[in-house]
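**Q** Following this line is coords09.txt, made up of compact mmCIF, C-alpha atoms:
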```
# COMPACT_ATOMS: atom_id res chain seq x y z
CA MET A 1 -34.56 13.63 4.30
CA ASN A 2 -37.05 14.39 7.05
CA TRP A 3 -39.70 15.67 4.66
CA ILE A 4 -39.37 12.49 2.59
CA ARG A 5 -39.90 10.40 5.71
CA ASP A 6 -42.86 12.48 6.84
CA PHE A 7 -44.41 12.32 3.38
CA HIS A 8 -43.96 8.52 3.34
CA GLU A 9 -45.55 8.24 6.80
CA ARG A 10 -48.63 10.15 5.64
CA LEU A 11 -48.87 8.10 2.48
CA ILE A 12 -48.70 4.68 4.17
CA PRO A 13 -52.46 4.06 4.68
CA TYR A 14 -53.07 4.63 0.96
CA LEU A 15 -49.92 2.90 -0.37
CA PRO A 16 -51.63 -0.39 -1.35
CA PHE A 17 -54.01 1.46 -3.67
CA ILE A 18 -51.31 3.74 -5.07
CA ILE A 19 -49.07 0.75 -5.79
CA LEU A 20 -51.88 -1.23 -7.43
CA ALA A 21 -52.75 1.83 -9.56
CA CYS A 22 -49.09 2.15 -10.65
CA ALA A 23 -49.04 -1.59 -11.46
CA ALA A 24 -52.14 -1.17 -13.64
CA ILE A 25 -50.56 1.79 -15.48
CA THR A 26 -47.35 -0.22 -16.10
CA ALA A 27 -49.39 -3.16 -17.38
CA VAL A 28 -51.28 -0.92 -19.84
CA TRP A 29 -47.99 0.62 -20.99
CA HIS A 30 -46.47 -2.84 -21.54
CA ILE A 31 -49.49 -4.01 -23.53
CA GLU A 32 -49.39 -0.88 -25.71
CA PHE A 33 -45.65 -1.11 -26.29
CA TYR A 34 -44.90 -4.84 -26.56
CA TRP A 35 -48.05 -6.65 -27.71
CA MET B 1 -43.65 8.59 29.38
CA ARG B 2 -44.85 9.85 26.02
CA ARG B 3 -47.71 7.77 24.65
CA ARG B 4 -48.01 7.05 20.97
CA SER B 5 -51.29 7.92 19.26
CA VAL B 6 -52.97 4.72 18.05
CA HIS B 7 -54.46 6.32 14.99
CA GLY B 8 -51.74 8.86 14.36
CA ASN B 9 -48.68 8.73 12.20
CA GLU B 10 -46.08 9.78 14.73
CA ARG B 11 -43.08 7.55 14.96
CA PRO B 12 -40.02 7.90 17.15
CA ARG B 13 -37.02 9.19 15.25
CA GLU B 14 -34.97 6.21 16.44
CA ALA B 15 -37.39 3.82 14.76
CA GLY B 16 -37.02 5.70 11.46
CA LEU B 17 -33.25 5.61 11.67
CA SER B 18 -33.32 1.93 12.56
CA THR B 19 -35.51 1.25 9.52
CA ILE B 20 -33.04 3.04 7.24
CA GLY B 21 -30.19 1.07 8.81
CA GLU B 22 -32.15 -2.13 8.24
CA LEU B 23 -32.74 -1.16 4.60
CA PHE B 24 -29.10 -0.40 3.82
CA GLY B 25 -27.48 -2.97 6.12
CA GLN B 26 -29.74 -5.94 5.57
CA GLN B 27 -32.18 -5.67 2.65
CA LEU B 28 -30.23 -3.89 -0.10
CA PRO B 29 -27.33 -6.41 0.05
CA ILE B 30 -29.85 -9.24 -0.50
CA VAL B 31 -31.51 -7.31 -3.33
CA ALA B 32 -28.10 -6.56 -4.90
CA ALA B 33 -27.05 -10.22 -4.64
CA LEU B 34 -30.25 -11.34 -6.41
CA LEU B 35 -29.76 -8.75 -9.16
CA VAL B 36 -26.16 -9.89 -9.67
CA ALA B 37 -27.41 -13.50 -9.76
CA GLY B 38 -29.98 -12.51 -12.42
CA PHE B 39 -27.44 -10.81 -14.67
CA ALA B 40 -24.83 -13.54 -14.12
CA THR B 41 -27.17 -16.46 -14.92
CA ALA B 42 -28.51 -14.67 -18.00
CA PHE B 43 -25.02 -14.01 -19.32
CA TRP B 44 -23.80 -17.50 -18.42
CA GLN B 45 -26.81 -19.25 -20.02
CA TYR B 46 -27.33 -17.10 -23.10
CA GLY B 47 -24.26 -14.92 -23.52
CA TYR B 48 -26.36 -11.76 -23.40
CA ILE B 49 -28.76 -9.97 -21.05
CA PRO B 50 -32.38 -10.45 -22.15
CA GLY B 51 -34.78 -7.58 -21.67
CA GLY B 52 -36.83 -5.13 -23.70
CA GLU B 53 -34.66 -5.51 -26.83
CA ARG B 54 -33.87 -9.23 -26.88
CA PRO B 55 -36.30 -11.88 -25.59
CA PHE B 56 -35.87 -14.22 -22.64
CA PRO B 57 -35.22 -17.49 -24.52
CA LEU B 58 -37.23 -19.88 -22.33
CA ALA B 59 -40.06 -17.42 -21.76
CA GLY B 60 -40.00 -16.37 -25.41
CA VAL B 61 -41.00 -12.78 -24.64
CA ARG B 62 -39.36 -9.36 -24.43
CA VAL B 63 -39.74 -7.61 -21.07
CA PRO B 64 -37.50 -4.84 -19.69
CA VAL B 65 -35.55 -5.95 -16.62
CA TRP B 66 -36.92 -3.02 -14.61
CA HIS B 67 -40.45 -4.27 -15.30
CA LEU B 68 -39.62 -7.66 -13.76
CA ILE B 69 -38.13 -5.94 -10.71
CA TRP B 70 -41.23 -3.73 -10.45
CA MET B 71 -43.50 -6.80 -10.77
CA GLY B 72 -41.63 -8.28 -7.81
CA VAL B 73 -41.98 -5.06 -5.81
CA TRP B 74 -45.72 -4.61 -6.22
CA THR B 75 -46.69 -8.27 -5.95
CA GLY B 76 -44.34 -8.75 -2.97
CA TYR B 77 -45.70 -5.65 -1.26
CA THR B 78 -49.40 -6.36 -1.70
CA MET B 79 -49.15 -10.04 -0.82
CA ALA B 80 -46.89 -9.59 2.22
CA LEU B 81 -49.43 -7.10 3.59
CA VAL B 82 -51.86 -10.00 3.86
CA GLY B 83 -49.24 -12.52 5.01
CA GLN B 84 -48.60 -14.36 1.76
CA ALA B 85 -45.94 -14.87 -0.91
CA ALA B 86 -46.16 -13.10 -4.27
CA GLY B 87 -47.08 -16.06 -6.49
CA ILE B 88 -50.84 -15.68 -6.68
CA PHE B 89 -50.47 -12.20 -8.25
CA ALA B 90 -47.19 -12.74 -10.12
CA LEU B 91 -48.31 -15.90 -11.93
CA PRO B 92 -51.41 -14.50 -13.65
CA TYR B 93 -49.59 -11.21 -14.34
CA SER B 94 -46.66 -13.06 -15.97
CA THR B 95 -48.90 -15.27 -18.06
CA SER B 96 -51.42 -12.65 -19.16
CA VAL B 97 -49.77 -9.20 -19.32
CA LEU B 98 -46.16 -10.37 -19.89
CA GLN B 99 -47.33 -13.35 -22.03
CA PHE B 100 -44.96 -15.88 -20.41
CA SER B 101 -47.45 -18.72 -20.77
CA ASN B 102 -45.44 -21.89 -21.44
CA ALA B 103 -44.54 -24.66 -18.98
CA HIS B 104 -41.42 -22.84 -17.72
CA VAL B 105 -43.52 -20.22 -15.93
CA THR B 106 -44.42 -22.44 -12.95
CA PRO B 107 -40.83 -23.26 -11.82
CA THR B 108 -39.88 -19.62 -12.52
CA MET B 109 -42.55 -18.47 -10.06
CA LEU B 110 -41.09 -20.99 -7.59
CA VAL B 111 -37.79 -19.07 -7.73
CA LEU B 112 -39.68 -15.85 -6.97
CA THR B 113 -41.67 -17.31 -4.09
CA LEU B 114 -38.59 -18.96 -2.61
CA PHE B 115 -36.79 -15.65 -2.08
CA ASN B 116 -39.61 -13.13 -1.92
CA PRO B 117 -40.92 -13.86 1.63
CA VAL B 118 -37.41 -13.56 3.08
CA GLY B 119 -37.69 -9.75 3.06
CA ALA B 120 -41.01 -9.94 4.91
CA LEU B 121 -39.65 -12.54 7.33
CA LEU B 122 -36.69 -10.37 8.36
CA GLY B 123 -38.80 -7.20 8.43
CA PHE B 124 -41.63 -8.60 10.54
CA ARG B 125 -39.09 -10.21 12.86
CA ARG B 126 -37.32 -6.91 13.43
CA GLY B 127 -40.65 -5.12 13.94
CA GLY B 128 -41.87 -7.56 16.59
CA GLN B 129 -44.59 -9.30 14.49
CA TRP B 130 -42.86 -12.54 15.24
CA ASN B 131 -43.53 -15.51 17.50
CA LEU B 132 -41.91 -18.88 16.85
CA ASP B 133 -44.14 -20.61 19.41
CA LEU B 134 -47.15 -19.62 17.31
CA ALA B 135 -45.45 -20.59 14.04
CA ALA B 136 -43.78 -23.85 15.13
CA ALA B 137 -46.68 -26.31 14.88
CA VAL B 138 -48.11 -25.01 11.62
CA CYS B 139 -44.63 -24.86 10.02
CA ALA B 140 -43.84 -28.42 11.17
CA GLY B 141 -47.13 -29.55 9.62
CA GLY B 142 -46.30 -27.71 6.40
CA PHE B 143 -42.86 -29.31 6.22
CA VAL B 144 -44.23 -32.85 6.66
CA GLY B 145 -47.18 -32.20 4.34
CA GLY B 146 -44.96 -30.69 1.66
CA ILE B 147 -42.68 -33.74 1.68
CA ILE B 148 -45.40 -36.42 1.61
CA GLY B 149 -47.78 -34.47 -0.64
CA PRO B 150 -46.35 -35.73 -3.96
CA PHE B 151 -47.12 -39.31 -2.90
CA PHE B 152 -50.82 -38.41 -2.97
CA ARG B 153 -50.49 -37.10 -6.50
CA ALA B 154 -50.83 -40.53 -8.12
CA THR B 155 -53.39 -41.97 -5.69
CA VAL B 156 -55.93 -39.92 -3.78
CA LEU B 157 -55.61 -36.89 -6.04
CA ALA B 158 -55.41 -38.79 -9.31
CA ASN B 159 -58.15 -36.53 -10.69
CA PRO B 160 -57.05 -33.14 -9.41
CA GLU B 161 -59.36 -31.05 -11.62
CA ALA B 162 -62.37 -31.84 -9.45
CA PHE B 163 -60.37 -30.84 -6.35
CA ARG B 164 -59.22 -27.64 -8.02
CA ALA B 165 -62.75 -26.67 -9.01
CA THR B 166 -64.09 -27.39 -5.50
CA LEU B 167 -61.22 -25.46 -3.96
CA GLY B 168 -61.91 -22.57 -6.33
CA VAL B 169 -65.57 -22.33 -5.33
CA ALA B 170 -64.64 -22.55 -1.62
CA LEU B 171 -62.02 -19.82 -1.99
CA ALA B 172 -64.41 -17.55 -3.88
CA LEU B 173 -66.93 -17.92 -1.02
CA PHE B 174 -64.15 -17.32 1.56
CA GLY B 175 -63.20 -14.17 -0.35
CA LEU B 176 -66.76 -12.83 -0.28
CA GLN B 177 -67.05 -13.59 3.42
CA LEU B 178 -63.75 -11.86 4.23
CA CYS B 179 -64.76 -8.74 2.29
CA TYR B 180 -68.16 -8.71 4.01
CA ARG B 181 -66.57 -9.09 7.46
CA ALA B 182 -64.01 -6.35 6.77
CA LEU B 183 -66.77 -3.91 5.80
CA ARG B 184 -69.02 -5.00 8.69
CA ASP B 185 -66.21 -4.49 11.23
CA TYR B 186 -65.44 -1.10 9.70
CA ARG B 187 -69.07 -0.04 10.16
CA ARG B 188 -69.02 -1.39 13.73
CA PHE B 189 -65.60 -0.22 14.98
CA GLY B 190 -64.53 2.48 12.52
CA ARG B 191 -61.01 2.89 11.18
CA ARG B 192 -58.52 0.74 13.15
CA VAL B 193 -54.82 0.15 12.57
CA GLY B 194 -52.35 -2.38 13.96
CA LEU B 195 -50.71 0.17 16.26
CA ARG B 196 -53.62 -0.40 18.65
CA PHE B 197 -51.84 -3.62 19.67
CA LEU B 198 -48.83 -1.69 20.95
CA PRO B 199 -48.53 -2.20 24.70
CA SER B 200 -48.62 1.61 25.15
CA ALA B 201 -52.03 1.73 23.46
CA GLY B 202 -53.83 -0.61 25.86
CA GLU B 203 -53.97 -1.90 29.38
CA THR B 204 -51.36 -4.58 28.85
CA PRO B 205 -50.18 -6.26 32.00
CA GLY B 206 -46.50 -6.93 32.49
CA ASP B 207 -43.40 -4.82 32.07
CA PHE B 208 -43.09 -4.92 28.27
CA ASN B 209 -41.49 -2.12 26.29
CA PRO B 210 -44.57 0.04 25.61
CA GLU B 211 -43.25 1.41 22.30
CA LYS B 212 -42.30 -1.94 20.82
CA PHE B 213 -44.84 -4.12 19.03
CA ALA B 214 -44.61 -7.68 20.31
CA ILE B 215 -46.50 -10.96 20.28
CA HIS B 216 -45.71 -12.54 23.63
CA THR B 217 -46.04 -16.20 24.50
CA THR B 218 -48.06 -16.44 27.72
CA PHE B 219 -47.60 -20.18 28.03
CA ARG B 220 -46.67 -23.15 25.88
CA SER B 221 -47.02 -26.88 26.26
CA PHE B 222 -46.93 -29.80 23.86
CA THR B 223 -50.65 -29.45 23.18
CA ARG B 224 -51.41 -25.73 23.49
CA VAL B 225 -49.85 -22.32 23.03
CA GLY B 226 -51.07 -18.99 24.38
CA VAL B 227 -50.15 -15.61 22.89
CA ARG B 228 -50.76 -12.02 23.95
CA PHE B 229 -50.78 -9.01 21.63
CA GLY B 230 -51.73 -5.63 23.04
CA SER B 231 -54.51 -6.25 25.52
CA GLU B 232 -55.83 -9.35 23.75
CA GLU B 233 -54.97 -12.99 24.44
CA ARG B 234 -55.56 -16.13 22.40
CA GLU B 235 -55.06 -19.81 23.13
CA LEU B 236 -54.52 -22.20 20.25
CA ALA B 237 -54.26 -25.99 20.09
CA ASN B 238 -50.94 -27.12 18.62
CA GLY B 239 -52.60 -30.26 17.26
CA TRP B 240 -55.04 -28.28 15.14
CA LEU B 241 -52.28 -25.93 13.97
CA PHE B 242 -50.20 -28.95 12.93
CA VAL B 243 -53.16 -30.57 11.15
CA LEU B 244 -53.90 -27.32 9.32
CA GLY B 245 -50.27 -26.94 8.23
CA LEU B 246 -50.15 -30.61 7.24
CA GLY B 247 -53.37 -30.47 5.23
CA VAL B 248 -52.45 -27.29 3.38
CA GLY B 249 -48.91 -28.63 2.82
CA ILE B 250 -50.15 -31.95 1.38
CA PHE B 251 -52.71 -30.24 -0.80
CA SER B 252 -50.37 -27.56 -2.10
CA SER B 253 -47.47 -29.86 -2.90
CA ALA B 254 -49.69 -32.61 -4.35
CA LEU B 255 -51.33 -30.16 -6.71
CA GLY B 256 -48.25 -27.99 -7.19
CA VAL B 257 -49.85 -24.80 -5.89
CA GLY B 258 -48.90 -22.26 -3.20
CA GLY B 259 -50.28 -22.67 0.30
CA GLY B 260 -50.52 -19.16 1.74
CA PHE B 261 -53.72 -18.23 -0.09
CA LEU B 262 -55.42 -21.18 1.65
CA LEU B 263 -53.80 -20.87 5.08
CA VAL B 264 -54.40 -17.15 5.65
CA PRO B 265 -58.19 -17.17 5.13
CA ILE B 266 -58.49 -20.18 7.45
CA PHE B 267 -56.51 -18.34 10.14
CA ALA B 268 -58.76 -15.31 9.70
CA ILE B 269 -62.05 -17.22 9.70
CA VAL B 270 -61.42 -20.04 12.19
CA TRP B 271 -59.16 -18.38 14.78
CA ARG B 272 -60.18 -14.77 14.03
CA LEU B 273 -56.57 -13.65 14.37
CA PRO B 274 -55.98 -10.08 13.14
CA ILE B 275 -53.89 -9.94 9.95
CA TYR B 276 -51.25 -7.97 11.89
CA ILE B 277 -50.76 -11.00 14.15
CA MET B 278 -51.20 -13.98 11.84
CA VAL B 279 -48.21 -12.91 9.70
CA ALA B 280 -46.07 -14.23 12.57
CA ALA B 281 -47.20 -17.73 11.56
CA THR B 282 -48.04 -17.43 7.85
CA ILE B 283 -44.85 -15.74 6.61
CA PRO B 284 -42.54 -18.41 8.17
CA TYR B 285 -44.97 -20.99 6.75
CA THR B 286 -44.59 -19.63 3.20
CA VAL B 287 -40.78 -19.77 3.57
CA VAL B 288 -40.92 -23.39 4.78
CA LEU B 289 -43.34 -24.36 2.01
CA SER B 290 -41.18 -22.66 -0.65
CA LEU B 291 -38.10 -24.54 0.56
CA VAL B 292 -40.01 -27.81 0.50
CA GLY B 293 -41.32 -26.89 -2.96
CA ILE B 294 -37.77 -26.54 -4.26
CA ILE B 295 -36.74 -29.86 -2.61
CA THR B 296 -39.79 -31.53 -4.18
CA PHE B 297 -38.98 -29.97 -7.53
CA ILE B 298 -35.35 -31.11 -7.53
CA PHE B 299 -35.47 -34.47 -5.72
CA VAL B 300 -39.03 -35.84 -5.40
CA LEU B 301 -40.45 -35.25 -8.89
CA PRO B 302 -37.63 -37.22 -10.58
CA MET B 303 -38.60 -40.18 -8.33
CA PHE B 304 -41.95 -40.21 -10.15
CA ALA B 305 -40.18 -40.09 -13.52
CA ILE B 306 -41.51 -36.58 -14.05
CA ALA B 307 -38.87 -34.52 -15.80
CA ALA B 308 -38.02 -31.31 -13.97
CA ILE B 309 -38.80 -28.26 -16.11
CA GLU B 310 -36.07 -25.65 -16.12
CA PRO B 311 -37.04 -22.24 -14.78
CA GLU B 312 -36.14 -18.98 -16.52
CA TRP B 313 -33.58 -18.32 -13.80
CA SER B 314 -32.79 -14.70 -14.61
CA TRP B 315 -36.52 -13.83 -14.76
CA GLY B 316 -36.95 -15.42 -11.34
CA PHE B 317 -33.95 -13.66 -9.81
CA PHE B 318 -34.90 -10.21 -11.18
CA SER B 319 -38.46 -10.48 -9.90
CA ALA B 320 -37.24 -11.94 -6.58
CA ALA B 321 -34.94 -8.92 -6.10
CA GLY B 322 -37.98 -6.65 -6.33
CA GLY B 323 -40.03 -9.10 -4.29
CA VAL B 324 -37.62 -9.07 -1.35
CA PHE B 325 -37.74 -5.26 -1.21
CA GLY B 326 -41.52 -5.12 -1.71
CA SER B 327 -42.29 -7.63 1.01
CA TRP B 328 -39.86 -5.93 3.42
CA TRP B 329 -41.51 -2.57 2.67
CA ALA B 330 -44.89 -4.13 3.49
CA SER B 331 -43.56 -5.42 6.82
CA LYS B 332 -42.44 -1.90 7.77
CA THR B 333 -45.78 -0.27 6.91
CA GLN B 334 -48.43 -2.91 7.61
CA LEU B 335 -49.19 -1.80 11.18
CA ARG B 336 -50.41 1.56 9.89
CA VAL B 337 -52.52 0.31 6.99
CA PRO B 338 -56.17 0.30 8.18
CA GLU B 339 -57.54 -3.13 9.05
CA HIS B 340 -60.56 -2.88 6.73
CA PHE B 341 -58.25 -2.11 3.76
CA LEU B 342 -56.27 -5.26 4.58
CA GLY B 343 -59.46 -7.28 5.01
CA VAL B 344 -60.84 -6.19 1.65
CA MET B 345 -57.46 -6.89 0.01
CA LEU B 346 -57.31 -10.35 1.58
CA GLY B 347 -60.88 -11.07 0.49
CA GLY B 348 -60.12 -9.80 -3.01
CA VAL B 349 -56.93 -11.88 -3.34
CA THR B 350 -58.70 -14.99 -1.99
CA GLY B 351 -61.63 -14.46 -4.34
CA LEU B 352 -59.24 -13.91 -7.27
CA ALA B 353 -57.41 -17.15 -6.45
CA GLY B 354 -60.76 -18.98 -6.32
CA LEU B 355 -61.84 -17.52 -9.64
CA LEU B 356 -58.54 -18.58 -11.25
CA TYR B 357 -58.96 -22.15 -9.99
CA VAL B 358 -62.52 -22.39 -11.26
CA LEU B 359 -61.54 -20.97 -14.67
CA SER B 360 -58.48 -23.25 -14.77
CA ALA B 361 -60.58 -26.33 -14.00
CA THR B 362 -63.03 -25.42 -16.76
CA GLY B 363 -60.19 -24.95 -19.24
CA MET B 364 -60.92 -21.25 -19.77
CA LEU B 365 -57.37 -20.10 -18.91
CA PRO B 366 -54.46 -20.17 -21.37
CA PHE B 367 -52.23 -21.53 -18.57
CA ARG B 368 -52.45 -23.97 -15.68
CA ILE B 369 -52.29 -23.16 -11.99
```
Turn the structure described in the file into structure tokens.

**A**
Amino acid sequence: MNWIRDFHERLIPYLPFIILACAAITAVWHIEFYW
Amino acid sequence: MRRRSVHGNERPREAGLSTIGELFGQQLPIVAALLVAGFATAFWQYGYIPGGERPFPLAGVRVPVWHLIWMGVWTGYTMALVGQAAGIFALPYSTSVLQFSNAHVTPTMLVLTLFNPVGALLGFRRGGQWNLDLAAAVCAGGFVGGIIGPFFRATVLANPEAFRATLGVALALFGLQLCYRALRDYRRFGRRVGLRFLPSAGETPGDFNPEKFAIHTTFRSFTRVGVRFGSEERELANGWLFVLGLGVGIFSSALGVGGGFLLVPIFAIVWRLPIYIMVAATIPYTVVLSLVGIITFIFVLPMFAIAAIEPEWSWGFFSAAGGVFGSWWASKTQLRVPEHFLGVMLGGVTGLAGLLYVLSATGMLPFRI
């Protein structure tokens, strides 16, 4: 569990961009699959 | 006493454990309750669970349930980082990508924005980014403004398109200014995070817990309130805070729009409060405004003979479940996200909101905001 917490701590400053990138990928997937 | 590095990522083990306890003891039960509410309302209303295979009847589209939860997570996370509710991202995403573009989308987003800031509220409170003396006047203004706002709908704001277009242009300019200031401050001060406001990071007077983030009230009277965070102090006039909350509340409820996207840039530009601090006022404000929005929706609109439009309840509950977790996650990480990232995000969100209002006023959007 500690390594997960440490990894999360290091990731925090970049999380907004990672999350927005994941949201964009999901949106593209949805458009491809459902439109 | 061990001092915490302002720019580092060290965190006391106790804080980590407390965060996990908070997640399992406080947040996950709320998330689980909202998920159960989503499944229960879907089954009760339609006799089946809509999703990727069968469409949501009111929305008229097929979307996997996990996608709605994920939409709540990412919109709740990004918006709570800048002290707002998820609506300004979730609405255009639902209408464009998910193609939920009929009249039911607006009340559905109201369900999301009612619950979504609760995660942030509890998280910021636990983390110390919390001061009711700072929030009281602006929230009181928002409550009053939200209640009386609909009465302006038929009079002063009888032609709201012109107001929307003007607001859109103003917000777009605000957004540019916020981005410019974030980049200018980055060039001037370098990379800064919210941990610099920890008492242990500065020369804070008093005997505060040096490892605990806190926004302390230095004094309060009927007309003014003083707050201290880290080594900085600010004094704000309650009258102006009330007027700001009132104005934004009237405007947002008269036009049926959210208020956070307007309140946060004003806090940043007029009072120059850091984003890490202003969440203590803006997150409670979004909760108050959401509650008033629901009251308006259920009780006030029928007084004007405007039929209430039914939300897609299960859609709202599923996305709210993700939104509660996302906004709580933001509250636990915001202090270590660099200030210029937050500034650029706030500027980008404000500019996006402005662009949407301008496009909406010119009839170039397939939906109304």

**Q** Calculate how many Å separate atom CA of Gln45 of chain B from atom CA of Thr106 of chain B, rounding to one decimal.

**A**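 Separation of atom CA of Gln45 of chain B and atom CA of Thr106 of chain B: 19.2 Å.
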
**Q** To one decimal in Å, tell me the separation between atom CA of Ser319 of chain B and atom CA of Leu112 of chain B.

**A**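 Atom-to-atom, atom CA of Ser319 of chain B to atom CA of Leu112 of chain B, that is 6.2 Å.
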
**Q** Within 8 Å of Leu262 of chain B, counting all atoms listed in the file, which residues show up once you throw out same-chain ones fewer than 5 positions away? Write them as a tab-separated table (two decimals) with C-alpha atoms, in the frame of the given file, please.

**A**
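What follows is the written file out.tsv:
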```tsv
chain	number	residue	atom	x	y	z
B	171	LEU	CA	-62.02	-19.82	-1.99
B	248	VAL	CA	-52.45	-27.29	3.38
B	350	THR	CA	-58.70	-14.99	-1.99
```

**Q** So, with only C-alpha atoms as the atoms that count, which of B:Tyr77, B:Gly247, B:Met109, B:His67 lies closest to Ile18 of chain A?

**A**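 Among the listed residues, the smallest separation from Ile18 of chain A belongs to B:Tyr77.
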
**Q** Within 10 Å of His30 of chain A, counting only C-alpha atoms, which residues qualify if same-chain residues fewer than 4 places away don't, as a ChimeraX atom specification?

**A** /A:24-26,34-35 /B:63-64,67,97-98

**Q** Would you give me, as a ChimeraX atom specification, the residues of chain A that come within 8 Å of chain B, using all atoms listed in the file?

**A** /A:5,9-10,12-14,16,19-20,23,27,30-31,34

**Q** Would you work out the distance separating atom CA of Val270 of chain B from atom CA of Arg181 of chain B, expressed in Å to one decimal?

**A**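 Pair atom CA of Val270 of chain B / atom CA of Arg181 of chain B returns 13.0 Å.
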
**Q** Which residues are near Phe43 of chain B? Cut-off 12 Å, all atoms listed in the file, ignore same chain within fewer than 6 positions. Put them as a short mmCIF file (atom, residue, chain, number, x, y, z; two decimals) with C-alpha atoms, in the coordinates of the input.

**A**
```
data_model
loop_
_atom_site.label_atom_id
_atom_site.label_comp_id
_atom_site.auth_asym_id
_atom_site.auth_seq_id
_atom_site.Cartn_x
_atom_site.Cartn_y
_atom_site.Cartn_z
CA VAL B 36 -26.16 -9.89 -9.67
CA ALA B 37 -27.41 -13.50 -9.76
CA ILE B 49 -28.76 -9.97 -21.05
CA PRO B 50 -32.38 -10.45 -22.15
CA GLY B 51 -34.78 -7.58 -21.67
CA PHE B 56 -35.87 -14.22 -22.64
CA PRO B 57 -35.22 -17.49 -24.52
CA TRP B 313 -33.58 -18.32 -13.80
CA SER B 314 -32.79 -14.70 -14.61
#
```

**Q** Return the single residue from B:Trp329, B:Ser221, B:Leu195, B:Asn116 that is closest to His8 of chain A, with distances computed using only C-alpha atoms.

**A**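 Among the listed residues, B:Trp329 lies closest to His8 of chain A.
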
**Q** Write out as a ChimeraX atom specification each polymer residue whose atoms come within 8 Å of segment 211-218 of chain B, counting all atoms listed in the file; drop sequence neighbours fewer than 2 positions from it.

**A** /B:4,127-131,133,195,197-200,209,220,225-230,277

**Q** Counting only C-alpha atoms, figure out which residue out of B:Glu53, B:Phe297, B:Ile30, B:Val324 gets nearest to Phe33 of chain A.

**A** B:Glu53

**Q** So, counting all atoms listed in the file, which residue among B:Phe251, B:Phe267, B:Phe39, B:Phe318 is closest to Ile147 of chain B?

**A** B:Phe251

**Q** My list of candidates is B:Leu114, B:Val288, B:Ala136, B:Ala86. Which is closest to Val349 of chain B when distances are computed with all atoms listed in the file?

**A**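 That would be B:Ala86, the residue with the smallest distance to Val349 of chain B.
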
**Q** Looking at only C-alpha atoms, which of B:Gly25, B:Gly72, B:Pro265, B:Pro284 is the one that sits closest to Ser327 of chain B?

**A**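 Residue with the minimum atom-to-atom distance to Ser327 of chain B: B:Gly72.
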